[in-house]
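For reference, start_31.txt (compact mmCIF, C-alpha atoms):
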```txt
# COMPACT_ATOMS: atom_id res chain seq x y z
CA GLY N 1 -73.17 102.86 172.78
CA ARG N 2 -76.24 100.77 172.00
CA ALA N 3 -74.05 97.85 170.88
CA ARG N 4 -72.29 98.00 174.22
CA GLU N 5 -75.60 98.05 176.06
CA ARG N 6 -76.80 94.96 174.16
CA ALA N 7 -73.52 93.20 174.87
CA GLY N 8 -73.88 94.05 178.54
CA ILE N 9 -70.95 96.41 178.48
CA PRO N 10 -71.67 99.48 180.56
CA THR N 11 -71.69 102.78 178.71
CA ALA N 12 -69.37 105.42 180.00
CA GLN N 13 -71.19 108.56 181.15
CA PRO N 14 -69.76 111.89 179.93
CA THR N 15 -67.84 113.73 182.46
CA GLN N 16 -68.87 117.13 183.72
CA SER N 17 -66.26 118.88 181.62
CA GLU N 18 -67.36 117.02 178.50
CA ALA N 19 -70.97 118.03 179.18
CA ARG N 20 -69.96 121.68 179.50
CA ARG N 21 -68.03 121.49 176.26
CA GLY N 22 -71.10 120.05 174.51
CA GLU N 23 -73.34 122.77 175.88
CA ARG N 24 -70.80 125.40 174.79
CA ALA N 25 -70.69 123.94 171.27
CA THR N 26 -74.48 123.93 171.12
CA MET N 27 -74.61 127.62 172.17
CA GLU N 28 -71.97 128.52 169.59
CA ARG N 29 -73.93 126.79 166.86
CA ARG N 30 -77.06 128.65 167.98
CA THR N 31 -75.16 131.95 167.99
CA VAL N 32 -73.85 131.29 164.50
CA ASP N 33 -77.33 130.46 163.30
CA GLU N 34 -78.76 133.63 164.89
CA PHE N 35 -75.91 135.68 163.39
CA GLU N 36 -76.67 134.28 159.95
CA LEU N 37 -80.35 135.07 160.41
CA SER N 38 -79.44 138.54 161.53
CA ASP N 39 -77.31 138.98 158.40
CA LEU N 40 -80.23 137.87 156.28
CA ASP N 41 -82.41 140.47 157.94
CA GLN N 42 -79.81 143.11 157.13
CA VAL N 43 -79.71 141.94 153.52
CA ASP N 44 -83.48 142.17 153.49
CA ASP N 45 -83.21 145.73 154.82
CA LEU N 46 -80.77 146.64 152.05
CA LEU N 47 -82.49 144.90 149.16
CA VAL N 48 -86.16 144.73 150.00
CA ARG N 49 -87.09 147.38 152.50
CA PRO N 50 -85.61 150.36 150.60
CA SER N 51 -87.63 149.40 147.56
CA ARG N 52 -90.71 149.15 149.72
CA SER N 53 -90.04 152.57 151.25
CA TYR N 54 -89.45 153.99 147.76
CA LYS N 55 -92.80 152.73 146.64
CA LYS N 56 -94.38 154.15 149.70
CA GLY N 57 -92.73 157.55 149.19
CA GLY N 58 -93.70 157.69 145.51
CA SER N 59 -97.23 156.48 146.01
CA SER N 60 -98.75 159.98 145.83
CA CYS N 61 -96.90 160.71 142.59
CA SER N 62 -97.91 157.33 141.16
CA LYS N 63 -101.52 157.90 142.13
CA PHE N 64 -101.46 161.32 140.48
CA LEU N 65 -99.99 159.91 137.27
CA ARG N 66 -102.50 157.09 137.25
CA LEU N 67 -105.28 159.63 137.76
CA VAL N 68 -104.04 161.89 134.95
CA CYS N 69 -103.56 158.96 132.59
CA SER N 70 -106.95 157.47 133.36
CA LYS N 71 -109.93 158.12 131.12
CA VAL N 72 -111.49 160.43 133.66
CA GLY N 73 -108.26 162.38 134.05
CA LEU N 74 -107.81 162.73 130.30
CA ARG N 75 -111.38 163.93 129.94
CA TRP N 76 -110.84 166.59 132.59
CA LEU N 77 -107.57 167.65 130.94
CA VAL N 78 -109.23 168.01 127.54
CA PHE N 79 -112.15 169.85 129.14
CA CYS N 80 -109.80 172.36 130.84
CA LEU N 81 -107.85 172.99 127.63
CA LEU N 82 -111.04 173.52 125.64
CA SER N 83 -112.34 175.89 128.30
CA LEU N 84 -109.16 177.97 128.09
CA MET N 85 -109.32 178.11 124.29
CA ILE N 86 -113.00 179.04 124.26
CA GLY N 87 -112.43 181.68 126.95
CA ALA N 88 -109.57 183.23 124.98
CA ALA N 89 -111.66 183.23 121.79
CA ILE N 90 -114.64 184.82 123.56
CA GLY N 91 -112.37 187.48 125.07
CA HIS N 92 -110.88 188.29 121.67
CA VAL N 93 -114.29 188.44 119.97
CA THR N 94 -115.67 190.59 122.79
CA VAL N 95 -112.86 193.12 122.52
CA ARG N 96 -113.06 193.18 118.75
CA SER N 97 -116.87 193.46 118.72
CA ARG N 98 -116.72 196.43 121.05
CA THR N 99 -114.37 198.24 118.69
CA THR N 100 -116.36 197.31 115.57
CA ASP N 101 -119.81 197.91 117.02
CA SER N 102 -121.13 201.14 115.53
CA THR N 103 -123.38 201.66 118.57
CA SER N 104 -120.43 201.67 120.97
CA TYR N 105 -118.52 203.87 118.56
CA ALA N 106 -121.37 206.41 118.44
CA LYS N 107 -121.67 206.52 122.24
CA ALA N 108 -118.00 207.34 122.77
CA ARG N 109 -117.52 210.95 123.78
CA ALA N 110 -113.87 211.14 124.84
CA GLY N 111 -111.97 214.03 123.31
CA ASP N 112 -114.97 216.18 122.50
CA GLU N 113 -113.13 219.14 123.96
CA TYR N 114 -110.65 218.99 121.05
CA THR N 115 -111.61 220.38 117.68
CA THR N 116 -109.14 218.12 115.87
CA ARG N 117 -108.48 214.50 116.76
CA PHE N 118 -106.13 212.19 114.89
CA ILE N 119 -103.81 209.18 115.33
CA VAL N 120 -100.19 209.05 114.13
CA VAL N 121 -98.46 205.78 113.21
CA GLY N 122 -95.26 204.90 111.36
CA ASP N 123 -93.12 201.89 110.36
CA TRP N 124 -96.19 199.70 110.37
CA GLY N 125 -96.23 197.73 107.09
CA ARG N 126 -95.26 194.32 108.47
CA GLN N 127 -97.67 192.05 106.60
CA GLY N 128 -99.33 191.06 109.85
CA GLN N 129 -96.08 190.21 111.64
CA TYR N 130 -94.20 191.82 114.53
CA HIS N 131 -97.44 192.33 116.51
CA GLN N 132 -98.99 194.52 113.83
CA PRO N 133 -102.54 193.13 114.40
CA GLU N 134 -102.23 193.69 118.16
CA VAL N 135 -101.13 197.29 117.66
CA ALA N 136 -103.96 197.82 115.16
CA MET N 137 -106.47 196.63 117.75
CA GLN N 138 -105.07 199.02 120.34
CA MET N 139 -105.34 201.82 117.81
CA ALA N 140 -108.95 200.82 117.22
CA LEU N 141 -109.67 200.80 120.96
CA VAL N 142 -108.26 204.31 121.30
CA GLY N 143 -110.06 205.33 118.13
CA ALA N 144 -113.40 204.04 119.42
CA MET N 145 -113.13 206.53 122.32
CA LEU N 146 -111.24 209.36 120.64
CA ARG N 147 -113.10 209.16 117.29
CA PRO N 148 -110.20 210.48 115.18
CA GLN N 149 -111.00 212.48 112.10
CA PHE N 150 -108.01 211.05 110.24
CA VAL N 151 -104.80 209.00 110.59
CA ILE N 152 -101.29 210.19 109.74
CA SER N 153 -98.68 207.71 108.53
CA THR N 154 -95.09 208.92 108.75
CA GLY N 155 -93.59 206.41 106.31
CA ASP N 156 -92.18 202.92 105.89
CA ASN N 157 -95.65 201.79 105.00
CA PHE N 158 -94.67 198.54 103.31
CA TYR N 159 -91.72 196.49 104.49
CA PRO N 160 -89.19 195.33 103.60
CA SER N 161 -88.77 197.38 100.40
CA GLY N 162 -92.00 198.97 99.26
CA LEU N 163 -94.59 197.93 96.69
CA LYS N 164 -93.34 195.98 93.69
CA ARG N 165 -96.34 195.78 91.37
CA VAL N 166 -99.86 197.04 90.76
CA ASN N 167 -102.28 195.53 93.28
CA ASP N 168 -99.38 194.15 95.30
CA SER N 169 -100.64 191.67 97.92
CA GLN N 170 -98.90 193.75 100.59
CA ILE N 171 -101.66 196.34 100.26
CA TRP N 172 -104.12 193.85 101.72
CA ASP N 173 -101.74 192.02 104.05
CA SER N 174 -100.29 195.18 105.61
CA PHE N 175 -103.11 197.71 105.33
CA VAL N 176 -106.61 196.86 104.14
CA ASN N 177 -107.13 193.68 106.18
CA VAL N 178 -105.25 194.88 109.26
CA TYR N 179 -106.75 198.33 109.85
CA ASP N 180 -110.33 197.32 109.07
CA TYR N 181 -111.93 198.69 112.26
CA PRO N 182 -114.67 201.34 111.94
CA SER N 183 -112.75 203.76 114.15
CA LEU N 184 -109.87 203.72 111.64
CA GLN N 185 -111.93 204.32 108.50
CA GLY N 186 -111.13 208.02 108.14
CA PRO N 187 -108.59 209.34 105.63
CA TRP N 188 -104.99 208.15 105.96
CA TYR N 189 -102.63 210.99 105.08
CA THR N 190 -99.39 209.28 104.17
CA VAL N 191 -95.78 210.04 103.24
CA LEU N 192 -93.03 207.68 102.16
CA GLY N 193 -90.07 206.34 104.10
CA ASN N 194 -86.76 205.00 102.83
CA HIS N 195 -88.12 201.44 102.70
CA ASP N 196 -91.00 202.61 100.52
CA TYR N 197 -88.38 203.82 98.06
CA GLY N 198 -86.75 200.38 97.97
CA ASP N 199 -84.23 200.40 100.81
CA ASP N 200 -83.39 196.84 101.91
CA SER N 201 -83.97 195.50 98.41
CA ALA N 202 -81.85 192.68 97.08
CA LYS N 203 -78.73 193.69 95.11
CA ASP N 204 -80.30 193.26 91.68
CA ASP N 205 -83.85 194.16 92.70
CA TYR N 206 -85.06 197.25 90.83
CA ALA N 207 -88.75 196.41 91.04
CA THR N 208 -89.83 198.84 93.79
CA ARG N 209 -92.43 201.37 92.60
CA PRO N 210 -92.81 204.32 94.98
CA ASP N 211 -95.41 205.86 92.66
CA LEU N 212 -97.75 202.94 93.39
CA GLN N 213 -98.40 204.48 96.79
CA SER N 214 -99.84 207.61 95.22
CA THR N 215 -103.48 208.49 95.73
CA GLU N 216 -104.19 207.67 92.09
CA TRP N 217 -103.13 204.03 92.44
CA MET N 218 -104.01 203.27 96.05
CA GLN N 219 -107.53 204.66 96.09
CA SER N 220 -108.54 202.12 93.48
CA VAL N 221 -108.05 199.60 96.28
CA ASP N 222 -108.84 201.61 99.42
CA LYS N 223 -110.48 205.05 99.42
CA ARG N 224 -108.87 206.02 102.73
CA TRP N 225 -105.39 206.41 101.24
CA VAL N 226 -104.20 209.94 100.47
CA CYS N 227 -100.62 210.24 99.26
CA CYS N 228 -98.78 211.68 96.27
CA GLY N 229 -95.89 209.28 96.17
CA GLY N 230 -93.85 211.33 98.61
CA ARG N 231 -93.88 214.69 96.76
CA ASP N 232 -96.04 217.79 96.34
CA PHE N 233 -98.37 216.72 99.13
CA ASN N 234 -101.40 218.98 99.28
CA THR N 235 -104.85 218.34 100.69
CA LYS N 236 -107.71 220.18 102.30
CA GLU N 237 -107.09 221.50 105.75
CA ALA N 238 -108.86 219.40 108.36
CA THR N 239 -109.95 222.51 110.24
CA GLU N 240 -109.62 226.25 109.85
CA ASP N 241 -107.06 226.59 112.60
CA LEU N 242 -104.69 223.70 111.92
CA HIS N 243 -102.06 223.24 109.23
CA LEU N 244 -100.05 220.02 108.94
CA PHE N 245 -96.84 219.89 106.92
CA PHE N 246 -95.51 216.58 105.64
CA LEU N 247 -91.84 216.46 104.69
CA ASP N 248 -90.44 213.47 102.84
CA THR N 249 -86.82 213.49 104.06
CA SER N 250 -85.48 210.49 102.14
CA PRO N 251 -84.51 212.49 99.01
CA PHE N 252 -82.42 214.78 101.25
CA VAL N 253 -80.19 211.92 102.45
CA HIS N 254 -77.21 212.05 100.09
CA LYS N 255 -75.83 208.65 101.06
CA TYR N 256 -78.91 207.10 99.46
CA TYR N 257 -77.97 208.46 96.03
CA GLY N 258 -75.37 205.75 95.44
CA GLN N 259 -77.68 202.87 96.33
CA ASN N 260 -79.00 200.66 93.56
CA TRP N 261 -82.58 201.08 94.76
CA ALA N 262 -82.34 204.89 94.51
CA SER N 263 -82.53 204.70 90.70
CA VAL N 264 -85.88 202.91 90.47
CA ARG N 265 -88.76 204.55 88.64
CA SER N 266 -90.03 207.62 90.55
CA GLY N 267 -87.34 206.90 93.13
CA ILE N 268 -85.03 209.11 95.14
CA LEU N 269 -82.82 210.11 92.22
CA ASP N 270 -85.89 211.44 90.44
CA GLN N 271 -86.35 213.85 93.35
CA LYS N 272 -82.85 215.35 93.32
CA ASP N 273 -83.85 218.33 91.17
CA LYS N 274 -86.65 219.27 93.55
CA VAL N 275 -84.37 218.88 96.56
CA GLN N 276 -81.70 221.12 95.00
CA ALA N 277 -84.28 223.65 93.99
```

File written out as structure tokens:
Amino acid sequence: GRARERAGIPTAQPTQSEARRGERATMERRTVDEFELSDLDQVDDLLVRPSRSYKKGGSSCSKFLRLVCSKVGLRWLVFCLLSLMIGAAIGHVTVRSRTTDSTSYAKARAGDEYTTRFIVVGDWGRQGQYHQPEVAMQMALVGAMLRPQFVISTGDNFYPSGLKRVNDSQIWDSFVNVYDYPSLQGPWYTVLGNHDYGDDSAKDDYATRPDLQSTEWMQSVDKRWVCCGGRDFNTKEATEDLHLFFLDTSPFVHKYYGQNWASVRSGILDQKDKVQA
């Protein structure tokens, strides 16, 4: 067009229809460009905005984690755990001190209306397992109020299969160190159970010694123990109007006679003559 103007040749003006077509093409290009921009916005919504909203939604959780993981948060966490541990220890010591304090024991007056007061327990020789210490503490709590004159044990004193040797460690683990409260320091009148005779022993285990639970042997370790190995049990009457009879039933159970543990020294087979008599 410019070459024609320089040469003096008149430039043809676009017709009205050509002008409309040009405007329409321009509008189409603009629409395409706007559509592409709109698509980009949608892509931004899909790829960028969800991640932003996720961060926004998880901000409280992130702040909490950052707080917990910070030095201040860790210090507070350690402080809370130590407080719980100290509180539990103080509670345990407080309960135990109340049961072992001779002053509190002397002030207890519950059960004064009864002339004879005692506690009965059985199947207890667990070497400190199966909640034995917890039960012992409850016995001591009751004993601190009731002030029993003695304790009766109905057998199965040492699991799983009785005492095996002189000064067996079970004596301390199951009895001496567990029932060491002042309210449980009276005599323990005891009979044997089937496990004290050796029940639950290994196939070739003939080491159980029921006679080691006799008064003769046990009182060399703990003076509270009164037992004659499960036979001929006699002792002073606790009061003038009360008689207690202890019956060792294991030698009466005939199915035990064929067990390997029945033949141990001073065991069930040694009692057959007395049972038949």

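Selecting by distance to (-88.0, 201.5, 103.3) with a limit of 9 Å and using all atoms listed in the file, one obtains Asp123, Gly155, Asp156, Asn157, Phe158, Tyr159, Pro160, Ser161, Gly162, Leu192, Gly193, Asn194, His195, Asp196, Tyr197, Gly198, Asp199, Asp200 and Ser201 of chain N.
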
Checklist entry - So which residues touch region 240-255 of chain N within 12 Å, counting all atoms listed in the file, skipping near sequence neighbours fewer than 6 positions away, as a VMD selection string? => result chain N and resid 114 to 118 152 to 156 189 to 199 210 227 to 234 261 to 263 266 to 277

Item to check | Distance of CA of Thr208 (chain N) from CA of Leu163 (chain N), expressed in Å to one decimal place | outcome: 5.6 Å

Next on the checklist: Please list as a VMD selection string every residue within 12 Å of Asn167 (chain N), counting only C-alpha atoms and excluding residues in the same chain fewer than 3 positions away.
Outcome noted: chain N and resid 163 to 164 170 to 173 176 209 212 to 213 217 to 222

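Between CA of Gly125 (chain N) and CA of Tyr206 (chain N) there is a distance of 19.7 Å.
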
Checklist entry - In Å, with one decimal, what is the gap from CA of Leu141 (chain N) to CA of Ile86 (chain N)? => result 22.3 Å

Report the centre and edge lengths, in Å to one decimal, of an axis-aligned box enclosing every atom of region 161-171 of chain N listed in the file, padded by 3 Å on each side, as AutoDock Vina command-line options.
```
--center_x -95.5 --center_y 195.3 --center_z 95.7 --size_x 19.5 --size_y 13.3 --size_z 15.8
```
